[in-house]
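What's in input_27.cif: mmCIF, C-alpha atoms and all ligand atoms
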data_target
loop_
_atom_site.label_atom_id
_atom_site.label_comp_id
_atom_site.auth_asym_id
_atom_site.auth_seq_id
_atom_site.Cartn_x
_atom_site.Cartn_y
_atom_site.Cartn_z
CA MET A 1014 0.00 0.00 0.00
CA ALA A 1015 1.27 3.45 -0.88
CA SER A 1016 0.39 4.85 2.54
CA SER A 1017 2.48 2.29 4.48
CA ILE A 1018 5.69 3.77 3.07
CA ASP A 1019 4.33 7.29 3.22
CA LEU A 1020 4.10 7.95 -0.53
CA LYS A 1021 2.06 11.00 -1.51
CA ILE A 1022 0.98 9.54 -4.84
CA LEU A 1023 -0.76 6.41 -6.07
CA ARG A 1024 0.78 4.09 -8.65
CA LYS A 1025 -1.20 2.52 -11.50
CA GLU A 1026 -1.15 -0.84 -9.68
CA ASN A 1027 -2.78 0.82 -6.63
CA LEU A 1028 -5.79 1.90 -8.69
CA GLY A 1029 -9.04 0.07 -9.42
CA ARG A 1030 -11.05 0.41 -12.64
CA SER A 1031 -13.87 2.65 -11.49
CA ILE A 1032 -14.76 6.13 -12.75
CA CYS A 1033 -15.31 8.90 -10.23
CA LEU A 1034 -17.75 11.69 -11.18
CA ILE A 1035 -17.31 14.93 -9.26
CA VAL A 1036 -20.22 17.33 -8.82
CA GLY A 1037 -21.09 20.06 -6.32
CA THR A 1038 -22.83 22.94 -8.08
CA ARG A 1039 -26.23 23.33 -9.75
CA PRO A 1040 -24.88 23.46 -13.33
CA GLY A 1041 -22.45 20.62 -12.62
CA ILE A 1042 -25.17 18.26 -11.40
CA ILE A 1043 -27.33 19.19 -14.40
CA MET A 1044 -24.58 18.68 -16.97
CA PHE A 1045 -23.71 15.33 -15.38
CA SER A 1046 -27.31 14.07 -15.39
CA PRO A 1047 -26.90 12.41 -18.83
CA LEU A 1048 -23.58 10.91 -17.67
CA PHE A 1049 -25.18 9.34 -14.59
CA ARG A 1050 -27.84 7.80 -16.80
CA ALA A 1051 -25.33 6.56 -19.37
CA CYS A 1052 -23.09 5.09 -16.64
CA VAL A 1053 -26.08 3.15 -15.30
CA SER A 1054 -27.27 1.97 -18.73
CA LYS A 1055 -23.77 0.87 -19.74
CA GLY A 1056 -23.33 -0.94 -16.40
CA LEU A 1057 -20.11 0.96 -15.62
CA ASP A 1058 -18.32 0.81 -12.30
CA PHE A 1059 -18.73 4.42 -11.13
CA PHE A 1060 -19.31 6.49 -8.03
CA THR A 1061 -19.94 10.16 -7.28
CA ILE A 1062 -18.37 12.68 -4.94
CA HIS A 1063 -20.49 15.73 -4.09
CA THR A 1064 -18.21 18.52 -2.90
CA GLY A 1065 -20.97 20.35 -0.98
CA GLN A 1066 -20.29 23.69 -2.74
CA HIS A 1067 -24.02 24.13 -3.38
CA TYR A 1068 -26.35 22.97 -0.64
CA SER A 1069 -29.70 24.81 -0.73
CA TYR A 1070 -32.47 22.40 -1.74
CA ASN A 1071 -33.31 24.08 -5.08
CA MET A 1072 -29.63 24.35 -6.01
CA ASP A 1073 -28.79 20.74 -5.30
CA ARG A 1074 -30.98 17.94 -3.99
CA VAL A 1075 -34.05 18.88 -6.03
CA ILE A 1076 -32.12 17.97 -9.19
CA PHE A 1077 -31.37 14.44 -7.95
CA ASP A 1078 -34.95 14.02 -6.72
CA THR A 1079 -36.84 15.29 -9.77
CA LEU A 1080 -34.56 13.58 -12.29
CA ASP A 1081 -34.32 10.39 -10.25
CA LEU A 1082 -30.51 10.37 -10.35
CA PRO A 1083 -28.32 8.05 -8.25
CA LEU A 1084 -27.29 9.86 -5.06
CA PRO A 1085 -23.57 10.57 -4.48
CA ARG A 1086 -21.71 7.90 -2.49
CA HIS A 1087 -19.65 10.62 -0.80
CA HIS A 1088 -20.81 14.07 0.27
CA LEU A 1089 -18.21 16.43 1.75
CA GLN A 1090 -19.23 18.34 4.86
CA GLY A 1091 -18.39 21.81 6.14
CA ILE A 1092 -17.87 23.47 2.74
CA ALA A 1093 -20.83 25.89 2.93
CA GLU A 1094 -19.13 27.83 5.75
CA LYS A 1095 -16.06 28.60 3.62
CA LYS A 1096 -16.37 32.16 2.45
CA TYR A 1097 -13.37 32.86 0.22
CA HIS A 1098 -12.35 31.14 -3.02
CA GLY A 1099 -9.13 29.84 -1.46
CA ALA A 1100 -10.72 28.40 1.67
CA GLN A 1101 -13.59 26.85 -0.29
CA THR A 1102 -11.33 25.32 -2.93
CA ALA A 1103 -8.82 24.10 -0.33
CA ALA A 1104 -11.49 22.40 1.79
CA MET A 1105 -12.90 20.63 -1.27
CA LEU A 1106 -9.40 19.66 -2.45
CA GLU A 1107 -8.64 18.04 0.89
CA GLY A 1108 -12.03 16.32 1.06
CA VAL A 1109 -11.84 14.94 -2.48
CA GLU A 1110 -8.27 13.73 -1.92
CA ARG A 1111 -9.38 11.81 1.17
CA VAL A 1112 -12.11 10.02 -0.79
CA LEU A 1113 -9.85 9.30 -3.77
CA LEU A 1114 -7.28 7.69 -1.47
CA GLU A 1115 -10.02 5.45 -0.11
CA GLU A 1116 -11.73 4.60 -3.44
CA ARG A 1117 -8.72 4.61 -5.82
CA PRO A 1118 -10.60 5.10 -9.10
CA SER A 1119 -8.92 4.80 -12.45
CA LEU A 1120 -10.26 8.10 -13.75
CA VAL A 1121 -11.83 11.26 -12.31
CA LEU A 1122 -14.32 13.29 -14.40
CA VAL A 1123 -15.04 16.95 -13.76
CA GLY A 1124 -17.30 19.23 -15.84
CA GLY A 1125 -17.23 22.98 -16.32
CA ASP A 1126 -15.47 25.79 -14.51
CA ALA A 1127 -16.58 26.02 -10.88
CA ASN A 1128 -14.23 25.78 -7.89
CA THR A 1129 -15.57 22.24 -7.35
CA ASN A 1130 -14.02 21.18 -10.64
CA LEU A 1131 -10.65 22.75 -9.98
CA ALA A 1132 -10.52 21.11 -6.55
CA GLY A 1133 -11.51 17.72 -7.98
CA ALA A 1134 -9.08 17.86 -10.89
CA LEU A 1135 -6.21 19.03 -8.72
CA ALA A 1136 -6.79 16.37 -6.06
CA ALA A 1137 -6.69 13.66 -8.73
CA ARG A 1138 -3.69 15.15 -10.55
CA LYS A 1139 -1.62 15.29 -7.35
CA LEU A 1140 -2.36 11.62 -6.65
CA HIS A 1141 -1.49 10.67 -10.27
CA ILE A 1142 -5.04 9.63 -11.09
CA ASP A 1143 -6.11 10.49 -14.67
CA VAL A 1144 -8.43 13.48 -15.06
CA GLY A 1145 -11.08 14.02 -17.74
CA HIS A 1146 -12.44 17.55 -18.28
CA ILE A 1147 -15.87 17.95 -19.83
CA GLU A 1148 -16.44 21.36 -21.50
CA ALA A 1149 -12.69 21.75 -22.00
CA GLY A 1150 -11.32 24.57 -24.12
CA GLU A 1151 -14.04 27.16 -23.52
CA ARG A 1152 -12.66 30.66 -22.93
CA SER A 1153 -14.20 34.04 -22.09
CA TYR A 1154 -10.78 35.77 -22.03
CA ASP A 1155 -12.15 37.74 -19.07
CA TRP A 1156 -9.46 37.64 -16.43
CA ARG A 1157 -11.81 39.04 -13.75
CA MET A 1158 -13.77 35.80 -13.74
CA PRO A 1159 -12.95 32.98 -11.30
CA GLU A 1160 -14.39 30.61 -13.92
CA GLU A 1161 -11.77 31.66 -16.47
CA HIS A 1162 -8.95 30.94 -13.97
CA ASN A 1163 -10.46 27.55 -13.19
CA ARG A 1164 -11.00 26.51 -16.80
CA ARG A 1165 -7.44 27.26 -17.81
CA MET A 1166 -5.93 25.45 -14.84
CA ILE A 1167 -8.14 22.38 -15.24
CA ASP A 1168 -7.40 22.12 -18.96
CA HIS A 1169 -3.67 22.14 -18.31
CA ILE A 1170 -3.78 19.34 -15.73
CA SER A 1171 -6.21 17.01 -17.53
CA ASN A 1172 -5.36 13.80 -19.41
CA LEU A 1173 -8.59 13.71 -21.43
CA LEU A 1174 -10.05 16.96 -22.71
CA PHE A 1175 -13.62 16.78 -24.01
CA ALA A 1176 -14.17 19.91 -26.09
CA THR A 1177 -17.70 20.80 -27.10
CA ASN A 1178 -16.66 21.78 -30.65
CA GLU A 1179 -13.74 22.09 -33.09
CA LYS A 1180 -13.04 25.68 -32.05
CA GLY A 1181 -12.41 24.62 -28.45
CA ALA A 1182 -10.27 21.69 -29.59
CA THR A 1183 -8.11 23.93 -31.80
CA ARG A 1184 -7.67 26.40 -28.97
CA LEU A 1185 -6.51 23.64 -26.63
CA LYS A 1186 -3.95 22.43 -29.15
CA GLU A 1187 -2.71 25.99 -29.65
CA GLU A 1188 -2.34 26.30 -25.87
CA GLN A 1189 -0.29 23.09 -25.98
CA VAL A 1190 -2.19 21.21 -23.30
CA MET A 1191 -0.58 17.96 -22.15
CA GLY A 1192 -3.67 15.73 -22.48
CA LYS A 1193 -5.53 14.19 -25.43
CA VAL A 1194 -8.19 16.37 -27.01
CA PHE A 1195 -11.55 15.03 -28.28
CA VAL A 1196 -14.57 16.79 -29.77
CA THR A 1197 -17.68 15.34 -28.16
CA GLY A 1198 -20.45 17.96 -28.11
CA ASN A 1199 -21.83 19.25 -24.86
CA THR A 1200 -23.66 17.28 -22.18
CA ILE A 1201 -25.79 20.32 -21.26
CA VAL A 1202 -27.46 19.73 -24.64
CA ASP A 1203 -28.10 16.07 -23.81
CA ALA A 1204 -29.47 17.25 -20.46
CA ALA A 1205 -31.84 19.78 -22.03
CA TYR A 1206 -33.23 17.22 -24.48
CA GLN A 1207 -33.57 14.42 -21.90
CA ASN A 1208 -34.94 16.51 -19.06
CA PHE A 1209 -37.38 18.74 -20.95
CA GLU A 1210 -39.85 15.87 -21.25
CA ILE A 1211 -39.79 15.47 -17.45
CA ALA A 1212 -40.21 19.24 -17.08
CA LYS A 1213 -43.27 19.31 -19.34
CA ARG A 1214 -44.87 16.47 -17.38
CA ARG A 1215 -44.09 17.68 -13.87
CA SER A 1216 -43.85 21.44 -13.76
CA LYS A 1217 -46.82 23.66 -12.96
CA ILE A 1218 -44.73 26.82 -12.62
CA LEU A 1219 -46.58 28.81 -15.29
CA GLU A 1220 -49.98 27.96 -13.84
CA VAL A 1221 -48.93 28.68 -10.25
CA ASN A 1222 -47.57 32.11 -11.24
CA GLY A 1223 -50.35 33.00 -13.68
CA LEU A 1224 -47.93 33.24 -16.62
CA GLU A 1225 -48.99 32.82 -20.24
CA GLU A 1226 -46.82 31.21 -22.94
CA LYS A 1227 -44.55 33.82 -24.59
CA ARG A 1228 -46.17 36.65 -22.58
CA TYR A 1229 -43.45 37.00 -19.96
CA CYS A 1230 -39.65 37.12 -19.67
CA VAL A 1231 -37.08 35.58 -17.31
CA LEU A 1232 -34.09 37.07 -15.49
CA THR A 1233 -31.18 35.20 -13.88
CA CYS A 1234 -28.08 36.99 -12.62
CA HIS A 1235 -25.51 35.43 -10.30
CA ARG A 1236 -21.98 36.00 -11.65
CA GLU A 1237 -19.52 37.51 -9.20
CA GLU A 1238 -18.66 40.42 -11.55
CA ASN A 1239 -22.36 41.37 -11.64
CA THR A 1240 -23.59 40.63 -8.12
CA ASP A 1241 -20.64 41.80 -6.06
CA PHE A 1242 -20.31 45.26 -7.62
CA VAL A 1243 -23.24 47.44 -6.59
CA GLU A 1244 -23.06 49.56 -9.77
CA ASN A 1245 -23.37 46.48 -12.00
CA LEU A 1246 -26.17 44.88 -10.00
CA THR A 1247 -28.05 48.20 -9.89
CA GLY A 1248 -27.61 48.62 -13.66
CA VAL A 1249 -29.10 45.17 -14.32
CA LEU A 1250 -32.07 45.73 -12.00
CA GLU A 1251 -32.82 49.19 -13.37
CA GLY A 1252 -32.49 48.10 -17.01
CA VAL A 1253 -34.67 45.01 -16.65
CA GLY A 1254 -37.12 46.88 -14.39
CA LYS A 1255 -37.57 49.58 -17.02
CA PHE A 1256 -38.02 46.93 -19.72
CA ALA A 1257 -40.82 45.29 -17.69
CA LEU A 1258 -42.55 48.62 -17.22
CA ASP A 1259 -42.24 49.76 -20.86
CA SER A 1260 -43.04 46.42 -22.51
CA GLY A 1261 -45.87 45.32 -20.22
CA LEU A 1262 -44.27 41.85 -20.14
CA PRO A 1263 -43.76 40.63 -16.56
CA VAL A 1264 -40.22 39.45 -15.77
CA TYR A 1265 -39.82 36.37 -13.55
CA PHE A 1266 -36.61 37.01 -11.61
CA ALA A 1267 -35.25 33.57 -10.63
CA ALA A 1268 -32.83 34.83 -8.00
CA HIS A 1269 -29.78 32.74 -7.06
CA PRO A 1270 -29.18 32.71 -3.26
CA ARG A 1271 -26.00 34.74 -3.81
CA THR A 1272 -28.00 37.48 -5.57
CA MET A 1273 -30.66 37.54 -2.85
CA LYS A 1274 -27.91 38.02 -0.26
CA ARG A 1275 -26.18 40.78 -2.23
CA MET A 1276 -29.43 42.66 -2.92
CA GLU A 1277 -30.12 42.58 0.79
CA SER A 1278 -26.66 43.78 1.81
CA PHE A 1279 -26.65 46.56 -0.82
CA GLY A 1280 -30.11 47.69 0.40
CA LEU A 1281 -31.73 46.86 -2.96
CA LEU A 1282 -34.07 44.07 -1.92
CA GLU A 1283 -37.12 46.12 -0.87
CA LYS A 1284 -36.82 48.27 -4.00
CA VAL A 1285 -36.81 45.19 -6.27
CA LYS A 1286 -39.75 43.66 -4.41
CA ASN A 1287 -41.71 46.82 -5.23
CA PHE A 1288 -40.70 47.05 -8.91
CA GLN A 1289 -43.86 46.86 -10.99
CA GLY A 1290 -43.59 43.98 -13.45
CA ILE A 1291 -40.75 42.14 -11.70
CA LEU A 1292 -41.76 38.87 -10.01
CA LEU A 1293 -38.93 38.30 -7.55
CA ARG A 1294 -38.69 34.59 -6.64
CA GLU A 1295 -36.09 32.27 -5.14
CA ALA A 1296 -34.45 30.32 -7.97
CA PRO A 1297 -36.78 27.44 -8.84
CA GLY A 1298 -35.65 23.84 -9.25
CA TYR A 1299 -34.27 22.72 -12.62
CA THR A 1300 -37.37 21.16 -14.19
CA ASP A 1301 -39.47 24.19 -13.20
CA PHE A 1302 -36.78 26.42 -14.66
CA LEU A 1303 -36.70 24.49 -17.95
CA ARG A 1304 -40.46 24.90 -18.34
CA LEU A 1305 -40.24 28.58 -17.42
CA LEU A 1306 -37.39 29.26 -19.83
CA SER A 1307 -38.74 27.29 -22.75
CA SER A 1308 -42.04 29.21 -22.77
CA ALA A 1309 -40.56 32.69 -22.23
CA ALA A 1310 -40.58 35.51 -24.80
CA LEU A 1311 -37.03 36.48 -23.83
CA VAL A 1312 -34.41 35.76 -21.19
CA PHE A 1313 -31.96 38.15 -19.52
CA THR A 1314 -29.06 36.20 -18.02
CA ASP A 1315 -25.39 36.03 -17.14
CA SER A 1316 -25.46 32.23 -16.83
CA GLY A 1317 -23.46 30.03 -19.17
CA GLY A 1318 -25.94 27.15 -19.06
CA VAL A 1319 -28.96 29.39 -19.57
CA GLN A 1320 -27.42 31.00 -22.69
CA GLN A 1321 -27.13 27.55 -24.23
CA GLU A 1322 -30.57 26.35 -23.14
CA ALA A 1323 -32.19 29.54 -24.46
CA CYS A 1324 -30.59 28.86 -27.83
CA ILE A 1325 -31.84 25.25 -27.81
CA PHE A 1326 -35.42 26.29 -26.93
CA LYS A 1327 -35.32 29.15 -29.49
CA VAL A 1328 -35.79 31.80 -26.82
CA PRO A 1329 -33.91 35.05 -27.60
CA CYS A 1330 -31.21 35.75 -25.02
CA VAL A 1331 -29.90 39.07 -23.70
CA THR A 1332 -26.61 38.33 -21.95
CA LEU A 1333 -25.64 40.64 -19.09
CA ARG A 1334 -21.93 40.30 -19.80
CA GLU A 1335 -19.36 41.83 -22.14
CA ASN A 1336 -18.13 38.43 -23.34
CA THR A 1337 -19.24 34.83 -23.53
CA GLU A 1338 -17.71 31.39 -23.89
CA TRP A 1339 -20.65 30.45 -26.14
CA THR A 1340 -19.83 32.61 -29.16
CA GLU A 1341 -21.72 30.33 -31.56
CA THR A 1342 -24.96 31.69 -30.05
CA LEU A 1343 -23.86 35.20 -31.07
CA ASP A 1344 -22.91 34.11 -34.60
CA ILE A 1345 -26.46 32.87 -35.31
CA GLY A 1346 -28.20 35.88 -33.75
CA ALA A 1347 -29.67 33.93 -30.80
CA ASN A 1348 -27.79 35.93 -28.20
CA HIS A 1349 -26.90 39.59 -27.63
CA LEU A 1350 -24.12 40.76 -25.31
CA VAL A 1351 -25.16 43.91 -23.48
CA GLY A 1352 -23.21 44.16 -20.22
CA THR A 1353 -24.98 45.82 -17.30
CA GLU A 1354 -25.83 49.35 -18.47
CA PRO A 1355 -29.63 49.97 -18.55
CA ARG A 1356 -29.53 51.70 -21.94
CA ARG A 1357 -27.78 48.74 -23.58
CA ILE A 1358 -30.03 46.20 -21.85
CA LEU A 1359 -33.10 47.94 -23.28
CA ALA A 1360 -31.60 48.15 -26.77
CA GLY A 1361 -30.62 44.43 -26.65
CA ALA A 1362 -34.11 43.39 -25.57
CA ALA A 1363 -35.72 45.49 -28.31
CA ALA A 1364 -33.44 43.92 -30.94
CA CYS A 1365 -34.31 40.42 -29.72
CA LEU A 1366 -38.06 40.94 -29.67
CA GLU A 1367 -37.99 42.15 -33.26
CA LYS A 1368 -36.60 38.81 -34.44
CA PRO A 1369 -38.37 35.46 -34.09
CA GLY A 1370 -36.19 32.50 -33.00
CA THR A 1371 -35.40 31.03 -36.40
CA TRP A 1372 -31.84 29.80 -35.95
CA ASP A 1373 -30.55 26.23 -36.27
CA VAL A 1374 -29.19 24.98 -32.95
CA PRO A 1375 -25.38 24.99 -33.30
CA PHE A 1376 -24.62 22.55 -30.45
CA GLY A 1377 -24.10 18.76 -30.66
CA ASP A 1378 -26.70 16.07 -31.19
CA GLY A 1379 -27.59 15.17 -27.59
CA ARG A 1380 -25.19 12.17 -27.52
CA ALA A 1381 -22.15 13.77 -25.90
CA ALA A 1382 -22.38 11.76 -22.67
CA GLU A 1383 -22.32 8.45 -24.57
CA ARG A 1384 -19.28 9.55 -26.56
CA ILE A 1385 -17.41 10.78 -23.51
CA LEU A 1386 -17.97 7.53 -21.63
CA ASP A 1387 -16.87 5.44 -24.62
CA MET A 1388 -13.60 7.39 -24.66
CA CYS A 1389 -13.20 6.99 -20.91
CA GLN A 1390 -13.67 3.23 -21.18
CA GLU A 1391 -11.12 3.06 -23.98
CA SER A 1392 -8.65 5.04 -21.90
CA ILE A 1393 -9.15 2.83 -18.83
CA SER A 1394 -8.69 -0.41 -20.76
CA GLY A 1395 -5.89 0.95 -23.00
C1 LIG A 1401 -20.69 29.05 -8.52
C2 LIG A 1401 -19.62 29.05 -9.59
C3 LIG A 1401 -20.14 29.69 -10.86
C4 LIG A 1401 -21.42 29.06 -11.30
C5 LIG A 1401 -22.41 29.04 -10.15
C6 LIG A 1401 -23.62 28.25 -10.57
C7 LIG A 1401 -17.34 29.26 -8.71
C8 LIG A 1401 -16.16 30.16 -8.61
N1 LIG A 1401 -18.46 29.83 -9.17
O1 LIG A 1401 -21.00 30.40 -8.20
O2 LIG A 1401 -19.19 29.54 -11.89
O3 LIG A 1401 -21.95 29.79 -12.37
O4 LIG A 1401 -21.83 28.39 -9.01
O5 LIG A 1401 -24.74 28.56 -9.82
O6 LIG A 1401 -17.25 28.11 -8.39
N2 LIG A 1401 -25.35 29.96 -1.79
C9 LIG A 1401 -26.42 29.47 -1.06
N3 LIG A 1401 -26.85 28.21 -1.34
C10 LIG A 1401 -26.27 27.42 -2.27
C11 LIG A 1401 -25.18 27.92 -2.98
C12 LIG A 1401 -24.73 29.19 -2.74
O7 LIG A 1401 -26.97 30.14 -0.21
O8 LIG A 1401 -26.71 26.28 -2.48
C13 LIG A 1401 -24.88 31.35 -1.52
C14 LIG A 1401 -23.90 31.41 -0.35
O9 LIG A 1401 -24.06 32.65 0.28
C15 LIG A 1401 -22.56 31.41 -1.06
C16 LIG A 1401 -22.87 32.22 -2.32
O10 LIG A 1401 -24.20 31.84 -2.66
O11 LIG A 1401 -21.56 32.01 -0.28
C17 LIG A 1401 -21.95 31.94 -3.46
O12 LIG A 1401 -21.89 30.54 -3.68
P1 LIG A 1401 -20.60 29.90 -4.41
O13 LIG A 1401 -20.82 28.45 -4.57
O14 LIG A 1401 -19.36 30.34 -3.76
O15 LIG A 1401 -20.60 30.59 -5.82
P2 LIG A 1401 -21.76 30.76 -6.87
O16 LIG A 1401 -22.10 32.21 -6.95
O17 LIG A 1401 -22.87 29.83 -6.61
N1 LIG A 1402 -31.26 26.82 -13.46
C1 LIG A 1402 -32.15 26.36 -12.49
N2 LIG A 1402 -32.88 27.27 -11.77
C2 LIG A 1402 -32.75 28.61 -11.96
C3 LIG A 1402 -31.81 29.07 -12.92
C4 LIG A 1402 -31.09 28.15 -13.65
O1 LIG A 1402 -32.28 25.15 -12.29
O2 LIG A 1402 -33.43 29.38 -11.29
C5 LIG A 1402 -30.49 25.84 -14.24
C6 LIG A 1402 -30.52 26.08 -15.73
O3 LIG A 1402 -31.57 25.36 -16.34
C7 LIG A 1402 -29.15 25.60 -16.19
C8 LIG A 1402 -28.27 25.72 -14.97
O4 LIG A 1402 -29.14 25.99 -13.87
O5 LIG A 1402 -29.17 24.23 -16.57
C9 LIG A 1402 -27.29 26.84 -15.12
O6 LIG A 1402 -26.63 27.01 -13.93
P1 LIG A 1402 -26.16 28.40 -13.38
O7 LIG A 1402 -26.85 29.49 -14.06
O8 LIG A 1402 -26.30 28.30 -11.90
O9 LIG A 1402 -24.60 28.36 -13.66
P2 LIG A 1402 -23.69 28.59 -14.96
O10 LIG A 1402 -24.25 27.79 -16.08
O11 LIG A 1402 -23.66 30.05 -15.22
O12 LIG A 1402 -22.35 28.13 -14.51
#
Serialized structure, structure tokens:
Amino acid sequence: MASSIDLKILRKENLGRSICLIVGTRPGIIMFSPLFRACVSKGLDFFTIHTGQHYSYNMDRVIFDTLDLPLPRHHLQGIAEKKYHGAQTAAMLEGVERVLLEERPSLVLVGGDANTNLAGALAARKLHIDVGHIEAGERSYDWRMPEEHNRRMIDHISNLLFATNEKGATRLKEEQVMGKVFVTGNTIVDAAYQNFEIAKRRSKILEVNGLEEKRYCVLTCHREENTDFVENLTGVLEGVGKFALDSGLPVYFAAHPRTMKRMESFGLLEKVKNFQGILLREAPGYTDFLRLLSSAALVFTDSGGVQQEACIFKVPCVTLRENTEWTETLDIGANHLVGTEPRRILAGAAACLEKPGTWDVPFGDGRAAERILDMCQESISG
């Protein structure tokens, strides 16, 4: 055993043949939902570590419950109390390492750009366990974003890099990553296709809120650059508030817990509650959100996942950022980058409402998870 002679790494002969899936945030659990299903249907030896980064019911457990996903074998504790990026990432790194030493999988899979994924990939790398990165090669080139730091670091310590498209794959090769690069499509697309049927069957969110198909809009806003700078958050709220008033279309504000907390500490919460036309609500669970989004006239968002889902459901998207990883949505006119200034938000929304959603969806075919797991199996047995 490696530990008996105090080695800090594991050798190939110390490892089993299982695959470890690492999740911990809302988008991570959602993008892994097709992988869980494919692991089960292929009869693979797999287990899940939940890092505990997200913990509120609607951000986490509701996704497992409504989609009937296998629960994680390991769930790290004490992460929610960690306030700073370093403390949070360090606690998850230590927790994941402890589990990996116990389980000794052959391969660790992480997906996306959250701190959870950096912690998971780094824990595996340090132990000499192979790492696979899903959604590799995406870049915003925005150095303010913690997600951009994470993506770059994960890509450079991964053995298997699953790019969503050729552009990402080319970028990774230009950056001279060490691992093998594959183009697989994106599992968030598989997730949207698979889970929309469940959403249509289960969700009553439109009825409960008195919303009519295509006669309302949706707002999500949770990125650090937007929520933690009062001028940016105020710009978003004023711009979208004015849009609701002028257009007569109510805006369902699906507020992330982070955003609720920031609005409260900046003294904006009461004002937003009283905005005419804004329906301020705690972020709903995933299947409710899919139903809400797919029937909306327009979405305002700074979310990566929501930009892609809007494109899939042919809902015009106004992105509250100056850049995006998902540039293909811009190329086809499905998405408009407007930042956080009210004037630009209003102009972006007007441009979107003029155009019906006629684009062809530029993302994969809904079979990315299958492809990724086939490559993982090949790598394990190779
Ligand atoms: C994280 C990711 C971001 C991703 C987002 C998805 C990083 C650096 N950021 O941001 O890329 O887009 O998840 O939603 O990893 N909170 C709760 N309950 C929860 C989760 C969060 O109350 O279940 C509150 C807490 O006050 C917490 C704050 O939100 O401190 C921020 O949470 P954190 O996980 O640090 O970052 P996110 O903003 O969720
Ligand atoms: N989502 C959700 N409830 C909401 C808003 C979004 O379940 O109120 C889902 C959405 O369908 C998408 C995912 O969360 O699949 C996107 O995650 P998020 O916006 O938290 O993170 P990002 O994609 O920006 O990293």
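In terms of minimum interatomic distance to Gly1280 of chain A, A:Thr1247 ranks closest within A:Asn1208, A:Thr1247, A:Asn1130, A:Gln1390, counting only C-alpha atoms.
Among A:Phe1266, A:Tyr1068, A:Phe1242, A:Tyr1154, the residue with the shortest atom-to-atom distance to Trp1339 of chain A, counting all atoms listed in the file, is A:Tyr1154.
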**Report entry** Contacts with ligand LIG 1402 (chain A) at most 7 Å, all atoms listed in the file counted, listed as a PyMOL selection string
**Finding:** chain A and resi 1039-1040+1043+1072+1201+1233+1267-1269+1296-1300+1302-1303+1315-1319+1322
Those selected residues, please, written with C-alpha atoms and delivered as a PDB file, in the frame of the given file.
ATOM      1  CA  ARG A1039     -26.230  23.330  -9.750  1.00  0.00           C
ATOM      2  CA  PRO A1040     -24.880  23.460 -13.330  1.00  0.00           C
ATOM      3  CA  ILE A1043     -27.330  19.190 -14.400  1.00  0.00           C
ATOM      4  CA  MET A1072     -29.630  24.350  -6.010  1.00  0.00           C
ATOM      5  CA  ILE A1201     -25.790  20.320 -21.260  1.00  0.00           C
ATOM      6  CA  THR A1233     -31.180  35.200 -13.880  1.00  0.00           C
ATOM      7  CA  ALA A1267     -35.250  33.570 -10.630  1.00  0.00           C
ATOM      8  CA  ALA A1268     -32.830  34.830  -8.000  1.00  0.00           C
ATOM      9  CA  HIS A1269     -29.780  32.740  -7.060  1.00  0.00           C
ATOM     10  CA  ALA A1296     -34.450  30.320  -7.970  1.00  0.00           C
ATOM     11  CA  PRO A1297     -36.780  27.440  -8.840  1.00  0.00           C
ATOM     12  CA  GLY A1298     -35.650  23.840  -9.250  1.00  0.00           C
ATOM     13  CA  TYR A1299     -34.270  22.720 -12.620  1.00  0.00           C
ATOM     14  CA  THR A1300     -37.370  21.160 -14.190  1.00  0.00           C
ATOM     15  CA  PHE A1302     -36.780  26.420 -14.660  1.00  0.00           C
ATOM     16  CA  LEU A1303     -36.700  24.490 -17.950  1.00  0.00           C
ATOM     17  CA  ASP A1315     -25.390  36.030 -17.140  1.00  0.00           C
ATOM     18  CA  SER A1316     -25.460  32.230 -16.830  1.00  0.00           C
ATOM     19  CA  GLY A1317     -23.460  30.030 -19.170  1.00  0.00           C
ATOM     20  CA  GLY A1318     -25.940  27.150 -19.060  1.00  0.00           C
ATOM     21  CA  VAL A1319     -28.960  29.390 -19.570  1.00  0.00           C
ATOM     22  CA  GLU A1322     -30.570  26.350 -23.140  1.00  0.00           C
TER      23      GLU A1322
END
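You will find atom CA of Val1109 of chain A at 6.4 Å from atom CA of Ala1136 of chain A.
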8 Å contact set for Leu1080 of chain A, only C-alpha atoms, chain neighbours under 4 positions out, as a PDB file with C-alpha atoms, keeping the file's coordinate frame:
ATOM      1  CA  SER A1046     -27.310  14.070 -15.390  1.00  0.00           C
ATOM      2  CA  ILE A1076     -32.120  17.970  -9.190  1.00  0.00           C
ATOM      3  CA  ASN A1208     -34.940  16.510 -19.060  1.00  0.00           C
ATOM      4  CA  ILE A1211     -39.790  15.470 -17.450  1.00  0.00           C
TER       5      ILE A1211
END
Report task. Using all atoms listed in the file, find each residue with an atom at most 6 Å away from ligand LIG 1401 (chain A) and format the answer as a ChimeraX atom specification. Result -> /A:1038-1040,1066-1069,1072,1096,1126-1128,1159-1160,1235,1270-1271
Requested in this report: Have a look at atom CA of Glu1116 of chain A and atom CA of Asn1163 of chain A and let me know their distance in Å, one decimal.
Outcome: 25.0 Å
Query - Nearest-residue call for Lys1186 of chain A, choices A:Arg1356, A:Leu1020, A:Glu1161, A:Gly1150, using all atoms listed in the file - result: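 Residue with the minimum atom-to-atom distance to Lys1186 of chain A: A:Gly1150.
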Query raised in the report: Distance atom CA of Glu1226 of chain A-atom CA of Glu1251 of chain A, one decimal place?
Result: 24.7 Å
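Near Ser1392 of chain A, within 12 Å and counting only C-alpha atoms, sit Arg1030, Ser1031, Ile1032, Ser1119, Leu1120, Val1121, Asp1143, Val1144, Gly1145, Asn1172, Leu1173, Gly1192, Lys1193, Ile1385, Leu1386, Asp1387, Met1388, Cys1389 and Gly1395 of chain A; same-chain residues fewer than 3 positions away were not included.
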